[in-house]
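target_6.cif (mmCIF, C-alpha atoms (C1' of nucleotides))
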data_entry
loop_
_atom_site.label_atom_id
_atom_site.label_comp_id
_atom_site.auth_asym_id
_atom_site.auth_seq_id
_atom_site.Cartn_x
_atom_site.Cartn_y
_atom_site.Cartn_z
CA MET A 1 -9.64 6.51 -29.34
CA ASN A 2 -12.67 6.80 -27.12
CA CYS A 3 -14.34 3.76 -28.57
CA CYS A 4 -16.76 3.15 -25.72
CA SER A 5 -19.82 4.79 -24.22
CA PRO A 6 -19.49 8.07 -22.34
CA GLU A 7 -20.92 6.41 -19.23
CA LYS A 8 -18.13 3.88 -19.28
CA GLN A 9 -15.51 6.55 -20.01
CA LYS A 10 -16.72 8.45 -16.99
CA LEU A 11 -16.59 5.38 -14.77
CA ILE A 12 -13.09 4.58 -15.99
CA GLU A 13 -11.87 8.03 -15.04
CA GLU A 14 -13.67 8.09 -11.72
CA ILE A 15 -12.62 4.68 -10.50
CA GLY A 16 -9.27 5.21 -12.16
CA VAL A 17 -8.43 8.12 -9.90
CA HIS A 18 -9.47 6.01 -6.94
CA PHE A 19 -7.33 3.08 -8.06
CA GLU A 20 -4.23 5.24 -8.52
CA LYS A 21 -4.17 5.72 -4.80
CA VAL A 22 -5.38 2.44 -3.34
CA HIS A 23 -3.36 0.24 -5.64
CA ASN A 24 -0.50 2.69 -6.04
CA LEU A 25 -0.61 2.68 -9.84
CA ALA A 26 0.37 5.16 -12.51
CA PRO A 27 -2.65 6.90 -14.04
CA LEU A 28 -2.57 4.84 -17.21
CA ALA A 29 -2.15 1.54 -15.34
CA ALA A 30 -5.14 2.40 -13.17
CA ARG A 31 -7.26 3.15 -16.26
CA ILE A 32 -6.29 -0.11 -17.90
CA TYR A 33 -7.05 -2.05 -14.75
CA VAL A 34 -10.47 -0.44 -14.44
CA ILE A 35 -11.26 -1.20 -18.07
CA MET A 36 -10.59 -4.88 -17.41
CA ILE A 37 -12.62 -4.91 -14.23
CA LEU A 38 -15.63 -3.32 -15.88
CA CYS A 39 -15.63 -6.03 -18.53
CA PRO A 40 -13.88 -8.96 -16.92
CA ASN A 41 -14.82 -11.87 -19.14
CA ASP A 42 -14.18 -11.29 -22.82
CA GLY A 43 -10.72 -9.80 -22.60
CA HIS A 44 -9.36 -6.79 -24.46
CA THR A 45 -6.74 -6.80 -27.16
CA PHE A 46 -3.70 -4.56 -27.07
CA ASP A 47 -5.16 -2.33 -29.76
CA GLU A 48 -8.51 -2.06 -28.00
CA ILE A 49 -6.73 -0.82 -24.90
CA ILE A 50 -4.84 1.74 -26.96
CA SER A 51 -8.05 2.79 -28.58
CA ILE A 52 -9.96 3.19 -25.30
CA THR A 53 -7.21 4.96 -23.40
CA GLY A 54 -5.73 6.94 -26.25
CA ALA A 55 -2.25 6.16 -24.96
CA SER A 56 0.82 5.09 -26.92
CA LYS A 57 1.86 1.52 -27.67
CA SER A 58 4.93 1.79 -25.50
CA SER A 59 3.08 3.11 -22.48
CA VAL A 60 0.38 0.48 -22.76
CA SER A 61 2.99 -2.24 -23.13
CA THR A 62 4.92 -1.12 -20.07
CA GLN A 63 1.94 -0.64 -17.78
CA LEU A 64 0.25 -3.81 -18.96
CA ASN A 65 3.35 -5.86 -18.16
CA LEU A 66 3.52 -4.20 -14.79
CA LEU A 67 -0.09 -5.15 -14.10
CA MET A 68 0.67 -8.72 -15.08
CA GLN A 69 3.77 -8.91 -12.91
CA THR A 70 1.67 -7.93 -9.91
CA ASN A 71 -1.03 -10.49 -10.73
CA LYS A 72 -3.67 -7.88 -11.39
CA VAL A 73 -4.07 -8.75 -15.05
CA GLU A 74 -3.63 -11.94 -17.04
CA TYR A 75 -4.24 -12.92 -20.65
CA PHE A 76 -5.66 -15.77 -22.64
CA THR A 77 -5.49 -16.63 -26.32
CA LYS A 78 -7.72 -17.97 -29.02
CA THR A 79 -6.59 -20.64 -31.44
CA GLY A 80 -5.55 -19.20 -34.75
CA ASP A 81 -5.31 -15.66 -33.33
CA ARG A 82 -1.90 -14.25 -32.61
CA ARG A 83 -3.26 -11.54 -30.35
CA ARG A 84 -3.44 -11.83 -26.59
CA TYR A 85 -6.69 -11.12 -24.84
CA PHE A 86 -6.05 -9.27 -21.60
CA ARG A 87 -8.45 -9.37 -18.69
CA SER A 88 -8.39 -8.76 -14.96
CA SER A 89 -7.06 -11.73 -13.06
CA ARG A 90 -9.77 -14.28 -12.32
CA THR A 91 -8.79 -13.98 -8.68
CA TYR A 92 -8.16 -10.27 -8.43
CA LEU A 93 -10.58 -9.74 -5.55
CA LYS A 94 -8.94 -12.54 -3.65
CA ASN A 95 -5.46 -11.23 -4.52
CA ASN A 96 -6.55 -7.87 -3.26
CA LEU A 97 -7.63 -9.39 0.05
CA LEU A 98 -4.36 -11.29 0.27
CA ASP A 99 -2.46 -8.03 -0.14
CA GLN A 100 -4.56 -6.45 2.56
CA LEU A 101 -3.91 -9.40 4.81
CA GLU A 102 -0.18 -8.85 4.42
CA GLN A 103 -0.71 -5.21 5.29
CA VAL A 104 -2.63 -6.07 8.44
CA LYS A 105 0.01 -8.56 9.53
CA LYS A 106 2.62 -5.89 8.98
CA ASP A 107 0.59 -3.46 11.07
CA ILE A 108 0.32 -5.95 13.89
CA ARG A 109 4.06 -6.59 13.85
CA LEU A 110 4.61 -2.85 13.79
CA ILE A 111 2.44 -2.14 16.78
CA GLU A 112 4.26 -4.90 18.65
CA LYS A 113 7.57 -3.42 17.62
CA ILE A 114 6.61 -0.03 18.97
CA HIS A 115 5.43 -1.66 22.16
CA ASP A 116 8.73 -3.49 22.56
CA PHE A 117 10.68 -0.34 21.87
CA ASN A 118 8.77 1.55 24.51
CA ALA A 119 9.10 -1.27 26.99
CA GLU A 120 12.85 -1.27 26.54
CA PHE A 121 13.79 2.37 26.08
CA ASN A 122 10.86 4.26 27.46
CA LYS A 123 9.95 2.27 30.52
CA GLU A 124 8.38 4.81 32.80
CA LYS A 125 6.02 6.68 30.51
CA PHE A 126 4.60 4.35 27.91
CA GLU A 127 1.62 3.16 29.92
CA LYS A 128 -0.45 6.22 29.17
CA THR A 129 -1.65 5.35 25.68
CA GLY A 130 -1.61 1.60 26.31
CA GLY A 131 -5.39 1.25 26.46
CA VAL A 132 -6.03 2.72 23.03
CA ALA A 133 -3.15 0.82 21.48
CA LEU A 134 -4.59 -2.40 22.83
CA LEU A 135 -7.97 -1.63 21.34
CA TYR A 136 -6.28 -0.89 18.04
CA LYS A 137 -4.51 -4.20 18.14
CA GLU A 138 -7.77 -5.98 18.85
CA TYR A 139 -9.27 -4.26 15.86
CA LEU A 140 -6.38 -5.41 13.68
CA ILE A 141 -6.78 -8.98 14.85
CA ALA A 142 -10.50 -8.94 14.11
CA GLN A 143 -9.75 -7.45 10.70
CA LYS A 144 -7.19 -10.19 10.07
CA LYS A 145 -9.76 -12.84 10.95
CA ASN A 146 -12.34 -11.26 8.67
CA LEU A 147 -9.85 -11.27 5.82
CA GLU A 148 -8.83 -14.85 6.42
CA THR A 149 -12.34 -16.25 6.47
CA THR A 150 -13.34 -14.28 3.40
CA ILE A 151 -10.27 -15.47 1.53
CA GLU A 152 -11.09 -19.03 2.49
CA GLN A 153 -14.67 -18.73 1.30
CA MET A 154 -13.52 -17.19 -1.95
CA SER A 155 -11.11 -20.04 -2.51
CA LYS A 156 -14.03 -22.41 -2.37
CA ILE A 157 -15.99 -20.48 -4.96
CA THR A 158 -13.22 -19.54 -7.33
CA ILE A 159 -12.19 -23.09 -8.13
CA GLU A 160 -13.01 -22.84 -11.82
CA MET B 1 21.53 16.14 13.64
CA ASN B 2 21.06 12.58 14.73
CA CYS B 3 20.46 13.46 18.34
CA CYS B 4 18.80 10.19 19.34
CA SER B 5 19.80 6.57 19.80
CA PRO B 6 20.66 4.45 16.77
CA GLU B 7 17.86 2.04 17.70
CA LYS B 8 15.38 4.88 17.47
CA GLN B 9 16.91 6.20 14.25
CA LYS B 10 16.51 2.78 12.72
CA LEU B 11 12.89 2.51 13.84
CA ILE B 12 12.16 5.96 12.43
CA GLU B 13 13.50 4.96 9.04
CA GLU B 14 11.84 1.58 9.03
CA ILE B 15 8.39 2.70 10.09
CA GLY B 16 8.89 5.87 8.08
CA VAL B 17 9.11 3.94 4.82
CA HIS B 18 5.98 2.06 5.82
CA PHE B 19 4.13 5.28 6.66
CA GLU B 20 5.03 6.92 3.35
CA LYS B 21 2.83 4.38 1.65
CA VAL B 22 -0.03 3.77 4.04
CA HIS B 23 -0.56 7.41 4.92
CA ASN B 24 0.53 8.74 1.54
CA LEU B 25 3.09 11.12 3.01
CA ALA B 26 6.31 12.63 1.72
CA PRO B 27 9.40 10.94 3.20
CA LEU B 28 10.12 13.78 5.59
CA ALA B 29 6.51 14.03 6.76
CA ALA B 30 6.48 10.30 7.46
CA ARG B 31 9.70 10.58 9.52
CA ILE B 32 8.31 13.46 11.54
CA TYR B 33 5.07 11.59 12.17
CA VAL B 34 6.94 8.51 13.35
CA ILE B 35 9.11 10.57 15.68
CA MET B 36 5.98 11.90 17.33
CA ILE B 37 4.37 8.49 17.59
CA LEU B 38 7.44 6.94 19.20
CA CYS B 39 7.39 9.60 21.89
CA PRO B 40 3.80 10.81 22.03
CA ASN B 41 3.61 12.63 25.34
CA ASP B 42 6.30 15.22 25.84
CA GLY B 43 6.19 16.91 22.46
CA HIS B 44 9.10 17.96 20.27
CA THR B 45 10.20 21.48 19.48
CA PHE B 46 10.79 22.67 15.95
CA ASP B 47 14.54 22.60 16.47
CA GLU B 48 14.48 19.11 17.92
CA ILE B 49 12.72 17.89 14.82
CA ILE B 50 15.30 19.57 12.61
CA SER B 51 18.04 18.06 14.69
CA ILE B 52 16.62 14.52 14.55
CA THR B 53 15.74 14.54 10.88
CA GLY B 54 18.59 16.68 9.61
CA ALA B 55 16.16 18.49 7.31
CA SER B 56 15.91 22.21 6.64
CA LYS B 57 13.72 24.66 8.49
CA SER B 58 11.56 25.28 5.46
CA SER B 59 10.92 21.61 4.78
CA VAL B 60 10.10 20.89 8.39
CA SER B 61 7.76 23.86 8.52
CA THR B 62 5.90 22.81 5.41
CA GLN B 63 5.52 19.15 6.30
CA LEU B 64 4.66 19.88 9.89
CA ASN B 65 1.86 22.19 8.82
CA LEU B 66 0.63 19.55 6.44
CA LEU B 67 0.55 17.00 9.25
CA MET B 68 -1.42 19.42 11.39
CA GLN B 69 -3.91 20.20 8.63
CA THR B 70 -4.66 16.49 8.34
CA ASN B 71 -5.08 16.09 12.11
CA LYS B 72 -2.10 13.79 12.45
CA VAL B 73 -0.13 16.20 14.58
CA GLU B 74 -1.04 18.91 17.06
CA TYR B 75 0.90 21.16 19.38
CA PHE B 76 0.73 22.53 22.89
CA THR B 77 2.60 25.29 24.63
CA LYS B 78 4.14 25.95 27.99
CA THR B 79 3.67 29.21 29.82
CA GLY B 80 6.63 31.49 29.46
CA ASP B 81 7.97 29.50 26.51
CA ARG B 82 7.44 30.87 23.06
CA ARG B 83 8.13 27.57 21.34
CA ARG B 84 5.45 25.12 20.28
CA TYR B 85 5.68 21.54 21.39
CA PHE B 86 4.54 19.25 18.62
CA ARG B 87 3.20 15.79 19.24
CA SER B 88 1.07 13.21 17.48
CA SER B 89 -2.62 13.96 17.80
CA ARG B 90 -4.09 12.56 21.00
CA THR B 91 -6.61 10.76 18.82
CA TYR B 92 -4.45 9.73 15.92
CA LEU B 93 -5.36 6.05 16.14
CA LYS B 94 -9.01 6.96 16.13
CA ASN B 95 -8.50 9.41 13.27
CA ASN B 96 -6.75 6.70 11.38
CA LEU B 97 -9.72 4.39 11.85
CA LEU B 98 -12.07 7.15 10.78
CA ASP B 99 -10.08 7.59 7.57
CA GLN B 100 -10.25 3.87 6.96
CA LEU B 101 -13.96 3.93 7.57
CA GLU B 102 -14.34 6.52 4.86
CA GLN B 103 -12.29 4.33 2.56
CA VAL B 104 -14.47 1.32 3.22
CA LYS B 105 -17.63 3.29 2.63
CA LYS B 106 -16.15 4.49 -0.64
CA ASP B 107 -15.33 0.91 -1.61
CA ILE B 108 -18.86 -0.21 -0.87
CA ARG B 109 -20.29 2.61 -2.97
CA LEU B 110 -17.85 1.71 -5.72
CA ILE B 111 -18.79 -1.94 -5.80
CA GLU B 112 -22.44 -0.93 -5.95
CA LYS B 113 -21.67 1.46 -8.77
CA ILE B 114 -20.01 -1.27 -10.77
CA HIS B 115 -22.94 -3.54 -10.10
CA ASP B 116 -25.39 -0.92 -11.30
CA PHE B 117 -23.31 -0.26 -14.38
CA ASN B 118 -23.28 -3.95 -15.27
CA ALA B 119 -26.98 -4.32 -14.57
CA GLU B 120 -27.73 -1.47 -16.94
CA PHE B 121 -25.19 -1.83 -19.73
CA ASN B 122 -24.02 -5.38 -19.47
CA LYS B 123 -27.17 -7.25 -18.69
CA GLU B 124 -26.54 -10.70 -20.06
CA LYS B 125 -23.05 -11.49 -18.84
CA PHE B 126 -22.47 -9.92 -15.49
CA GLU B 127 -23.81 -12.80 -13.43
CA LYS B 128 -20.66 -14.84 -13.71
CA THR B 129 -18.54 -13.09 -11.10
CA GLY B 130 -21.51 -12.13 -8.97
CA GLY B 131 -20.78 -14.68 -6.26
CA VAL B 132 -17.31 -13.44 -5.52
CA ALA B 133 -18.36 -9.82 -5.67
CA LEU B 134 -21.09 -10.54 -3.16
CA LEU B 135 -18.61 -12.17 -0.79
CA TYR B 136 -16.36 -9.17 -1.19
CA LYS B 137 -19.20 -6.84 -0.31
CA GLU B 138 -19.99 -8.91 2.76
CA TYR B 139 -16.37 -8.62 3.77
CA LEU B 140 -16.51 -4.85 3.39
CA ILE B 141 -19.64 -4.61 5.49
CA ALA B 142 -18.06 -6.71 8.25
CA GLN B 143 -14.97 -4.54 8.06
CA LYS B 144 -17.14 -1.43 8.32
CA LYS B 145 -18.83 -2.81 11.42
CA ASN B 146 -15.49 -3.69 13.01
CA LEU B 147 -14.28 -0.15 12.40
CA GLU B 148 -17.42 1.42 13.77
CA THR B 149 -17.43 -0.52 17.01
CA THR B 150 -13.72 0.05 17.56
CA ILE B 151 -14.15 3.76 16.97
CA GLU B 152 -17.00 3.83 19.44
CA GLN B 153 -15.00 2.03 22.09
CA MET B 154 -12.08 4.36 21.54
CA SER B 155 -14.29 7.37 21.94
CA LYS B 156 -15.21 6.10 25.39
CA ILE B 157 -11.59 5.73 26.44
CA THR B 158 -10.11 8.82 24.87
CA ILE B 159 -12.28 11.26 26.75
CA GLU B 160 -9.33 12.89 28.54
"C1'" DT C 1 16.05 50.46 19.58
"C1'" DG C 2 18.66 46.52 18.17
"C1'" DA C 3 19.50 41.75 18.54
"C1'" DC C 4 17.56 37.25 19.07
"C1'" DT C 5 14.22 33.45 18.65
"C1'" DA C 6 10.51 30.73 16.42
"C1'" DG C 7 8.69 29.82 12.53
"C1'" DT C 8 6.93 31.08 7.47
"C1'" DT C 9 7.19 32.14 2.56
"C1'" DC C 10 9.16 32.21 -1.93
"C1'" DG C 11 12.08 30.93 -5.79
"C1'" DG C 12 14.78 27.62 -7.48
"C1'" DT C 13 17.30 22.96 -7.85
"C1'" DT C 14 17.32 18.10 -8.11
"C1'" DA C 15 15.29 13.78 -8.64
"C1'" DA C 16 11.68 10.79 -9.75
"C1'" DT C 17 7.41 9.70 -12.45
"C1'" DT C 18 4.91 9.29 -16.48
"C1'" DC C 19 4.51 9.12 -20.94
"C1'" DC C 20 5.80 9.33 -25.88
"C1'" DG C 21 7.98 8.24 -30.61
"C1'" DA C 22 11.03 5.67 -33.22
"C1'" DA C 23 13.41 1.81 -33.92
"C1'" DC C 24 13.21 -2.83 -33.24
"C1'" DC C 25 12.05 -8.12 -32.83
"C1'" DA C 26 9.56 -12.24 -33.87
"C1'" DA C 27 5.83 -14.66 -35.89
"C1'" DT C 28 2.68 -14.94 -39.93
"C1'" DT C 29 1.09 -14.40 -44.62
"C1'" DG C 30 1.25 -13.59 -49.44
"C1'" DC D 1 11.60 -12.82 -49.53
"C1'" DA D 2 8.81 -8.54 -48.53
"C1'" DA D 3 5.02 -6.83 -46.00
"C1'" DT D 4 2.00 -6.94 -42.07
"C1'" DT D 5 0.77 -7.65 -37.34
"C1'" DG D 6 1.42 -7.75 -32.26
"C1'" DG D 7 4.12 -6.30 -29.06
"C1'" DT D 8 8.84 -4.71 -26.75
"C1'" DT D 9 12.75 -1.70 -25.81
"C1'" DC D 10 15.28 2.47 -25.46
"C1'" DG D 11 16.26 7.47 -25.15
"C1'" DG D 12 14.39 11.43 -24.07
"C1'" DA D 13 10.72 15.25 -23.05
"C1'" DA D 14 7.34 17.06 -19.89
"C1'" DT D 15 5.43 17.08 -15.44
"C1'" DT D 16 5.36 16.59 -10.66
"C1'" DA D 17 7.35 15.81 -5.99
"C1'" DA D 18 10.64 16.76 -2.42
"C1'" DC D 19 13.67 19.54 -0.58
"C1'" DC D 20 16.76 23.49 0.26
"C1'" DG D 21 18.59 28.40 1.23
"C1'" DA D 22 17.78 33.04 1.76
"C1'" DA D 23 14.96 36.50 2.87
"C1'" DC D 24 11.26 37.60 5.73
"C1'" DT D 25 7.67 38.33 9.80
"C1'" DA D 26 6.31 38.69 14.35
"C1'" DG D 27 7.08 38.42 18.95
"C1'" DT D 28 10.56 38.99 22.98
"C1'" DC D 29 14.03 40.76 25.67
"C1'" DA D 30 17.98 43.53 26.85
#

Show me, as structure tokens, the structure contained in the file I just sent.
Amino acid sequence: MNCCSPEKQKLIEEIGVHFEKVHNLAPLAARIYVIMILCPNDGHTFDEIISITGASKSSVSTQLNLLMQTNKVEYFTKTGDRRRYFRSSRTYLKNNLLDQLEQVKKDIRLIEKIHDFNAEFNKEKFEKTGGVALLYKEYLIAQKKNLETTIEQMSKITIE
Amino acid sequence: MNCCSPEKQKLIEEIGVHFEKVHNLAPLAARIYVIMILCPNDGHTFDEIISITGASKSSVSTQLNLLMQTNKVEYFTKTGDRRRYFRSSRTYLKNNLLDQLEQVKKDIRLIEKIHDFNAEFNKEKFEKTGGVALLYKEYLIAQKKNLETTIEQMSKITIE
DNA sequence: TGACTAGTTCGGTTAATTCCGAACCAATTG
DNA sequence: CAATTGGTTCGGAATTAACCGAACTAGTCA
């Protein structure tokens, strides 16, 4: 356990806590994900992950599979080596933006839904906050556009 | 319990589930918040909230206080009426954007931190994903700007 | 003063999350 | 075949989250 530098350990914990919330991951999954992001190219073996995190085989297995199911982590292999080398998905930033895009679309639909509800069941009094809600919707649309163009640009770069 | 229309009940549940995640709230807190957002002007009494949600006094008290501590909910009173009337904060959309702005700033700092870490401890091999990371940072900065201008515009409207 | 109303606090129950160890499987190697 | 390696699966323990009921406080009103 604790096979890497204290600076890295500290970063793993710090960003790990952050990732638990934003990506909605269990503590261990967040740590694993951060480890892969901090060293995205070479890949880590199962045993390396155990060694860095100090967690059990079963926990690492479960969380690692979960990360792969959600396209956050992938693995590659080397000829003549039975082990898998796990790394963060080559497109994890793009995937992240795609997730956020879904979120924004959901938010837009939601704000429309509330508007419709008020228009139907709340006729007389829903005009009061209309101005702010409209601004909010404009913000969401701008945010959607920003996401879309960035995703497109990334697609061009991340051909590989 | 269940004192309002089935359409509203359904909306409360639907948006409630959504709010649990995006605002990181307990199920009951999310329901309460949604109730206030769907009817933001008149305010709801403690007993109305209990009646709509079907939850206990203690749970409602706790979650309601939590919502007030995080500026999502506020209350007003009427002369000669001991009860409080709870409603969503007059500036909850703006507060929401402010929270998101903090998030984005955090993300920018984080991406810089990772960059610094790689520059210091990972010199030779961190150039590979640099292009995508740079795009991502540009996205974050645009997103930050979008938030800031929207917040500013909202401030002008929500003088009240 | 006693009864009522509006809301809070505390202790405990239930349910879900997170993780572990032990047993296991499947491929490889001697 | 037996032993080793790389990883999975299952049952359960420990921790945390979510909620409830009962007892309580602090104002109000008769």

I need the residue set behind the PyMOL selection byres ((chain A) within 9 of (chain D)) for this file; please write it as number ranges by chain.
A: 46-47, 57-58, 61-62, 82-84

Where does the PyMOL selection byres ((chain B and resi 15) around 12) land in this file, that is, which residues does it pick, as a VMD selection string?
(chain A and resid 106 to 107 109 to 111 113 to 114) or (chain B and resid 8 to 14 16 to 23 27 29 to 38)

Residues just named, written with C-alpha atoms as a PDB file, keeping the file's coordinate frame:
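And here is the file that came out, selection_28.pdb:
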ATOM      1  CA  LYS A 106       2.620  -5.890   8.980  1.00  0.00           C
ATOM      2  CA  ASP A 107       0.590  -3.460  11.070  1.00  0.00           C
ATOM      3  CA  ARG A 109       4.060  -6.590  13.850  1.00  0.00           C
ATOM      4  CA  LEU A 110       4.610  -2.850  13.790  1.00  0.00           C
ATOM      5  CA  ILE A 111       2.440  -2.140  16.780  1.00  0.00           C
ATOM      6  CA  LYS A 113       7.570  -3.420  17.620  1.00  0.00           C
ATOM      7  CA  ILE A 114       6.610  -0.030  18.970  1.00  0.00           C
TER       8      ILE A 114
ATOM      9  CA  LYS B   8      15.380   4.880  17.470  1.00  0.00           C
ATOM     10  CA  GLN B   9      16.910   6.200  14.250  1.00  0.00           C
ATOM     11  CA  LYS B  10      16.510   2.780  12.720  1.00  0.00           C
ATOM     12  CA  LEU B  11      12.890   2.510  13.840  1.00  0.00           C
ATOM     13  CA  ILE B  12      12.160   5.960  12.430  1.00  0.00           C
ATOM     14  CA  GLU B  13      13.500   4.960   9.040  1.00  0.00           C
ATOM     15  CA  GLU B  14      11.840   1.580   9.030  1.00  0.00           C
ATOM     16  CA  GLY B  16       8.890   5.870   8.080  1.00  0.00           C
ATOM     17  CA  VAL B  17       9.110   3.940   4.820  1.00  0.00           C
ATOM     18  CA  HIS B  18       5.980   2.060   5.820  1.00  0.00           C
ATOM     19  CA  PHE B  19       4.130   5.280   6.660  1.00  0.00           C
ATOM     20  CA  GLU B  20       5.030   6.920   3.350  1.00  0.00           C
ATOM     21  CA  LYS B  21       2.830   4.380   1.650  1.00  0.00           C
ATOM     22  CA  VAL B  22      -0.030   3.770   4.040  1.00  0.00           C
ATOM     23  CA  HIS B  23      -0.560   7.410   4.920  1.00  0.00           C
ATOM     24  CA  PRO B  27       9.400  10.940   3.200  1.00  0.00           C
ATOM     25  CA  ALA B  29       6.510  14.030   6.760  1.00  0.00           C
ATOM     26  CA  ALA B  30       6.480  10.300   7.460  1.00  0.00           C
ATOM     27  CA  ARG B  31       9.700  10.580   9.520  1.00  0.00           C
ATOM     28  CA  ILE B  32       8.310  13.460  11.540  1.00  0.00           C
ATOM     29  CA  TYR B  33       5.070  11.590  12.170  1.00  0.00           C
ATOM     30  CA  VAL B  34       6.940   8.510  13.350  1.00  0.00           C
ATOM     31  CA  ILE B  35       9.110  10.570  15.680  1.00  0.00           C
ATOM     32  CA  MET B  36       5.980  11.900  17.330  1.00  0.00           C
ATOM     33  CA  ILE B  37       4.370   8.490  17.590  1.00  0.00           C
ATOM     34  CA  LEU B  38       7.440   6.940  19.200  1.00  0.00           C
TER      35      LEU B  38
END

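Using only C-alpha atoms (C1' of nucleotides), one finds that the residues of chain C close to chain A, at 10 Å or less, are DT17, DT18, DC19, DC20, DG21, DA27 and DT28 of chain C.
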
Counting all atoms listed in the file, which residues from chain B have an atom at most 10 Å from any atom of chain A, and could you show them as a PyMOL selection string?
chain B and resi 5+7-8+11+14-15+18+21-22+24+37-42+90-91+93-94+97+103+106-107+110+113-115+117-118+121-122+125-126+128-129+131-133+135-136+138-140+142-144+146-147+149-151+153-155+157-158

Atomic separation - atom CA of Ser88 of chain A relative to atom CA of Tyr75 of chain A, Å
8.2 Å
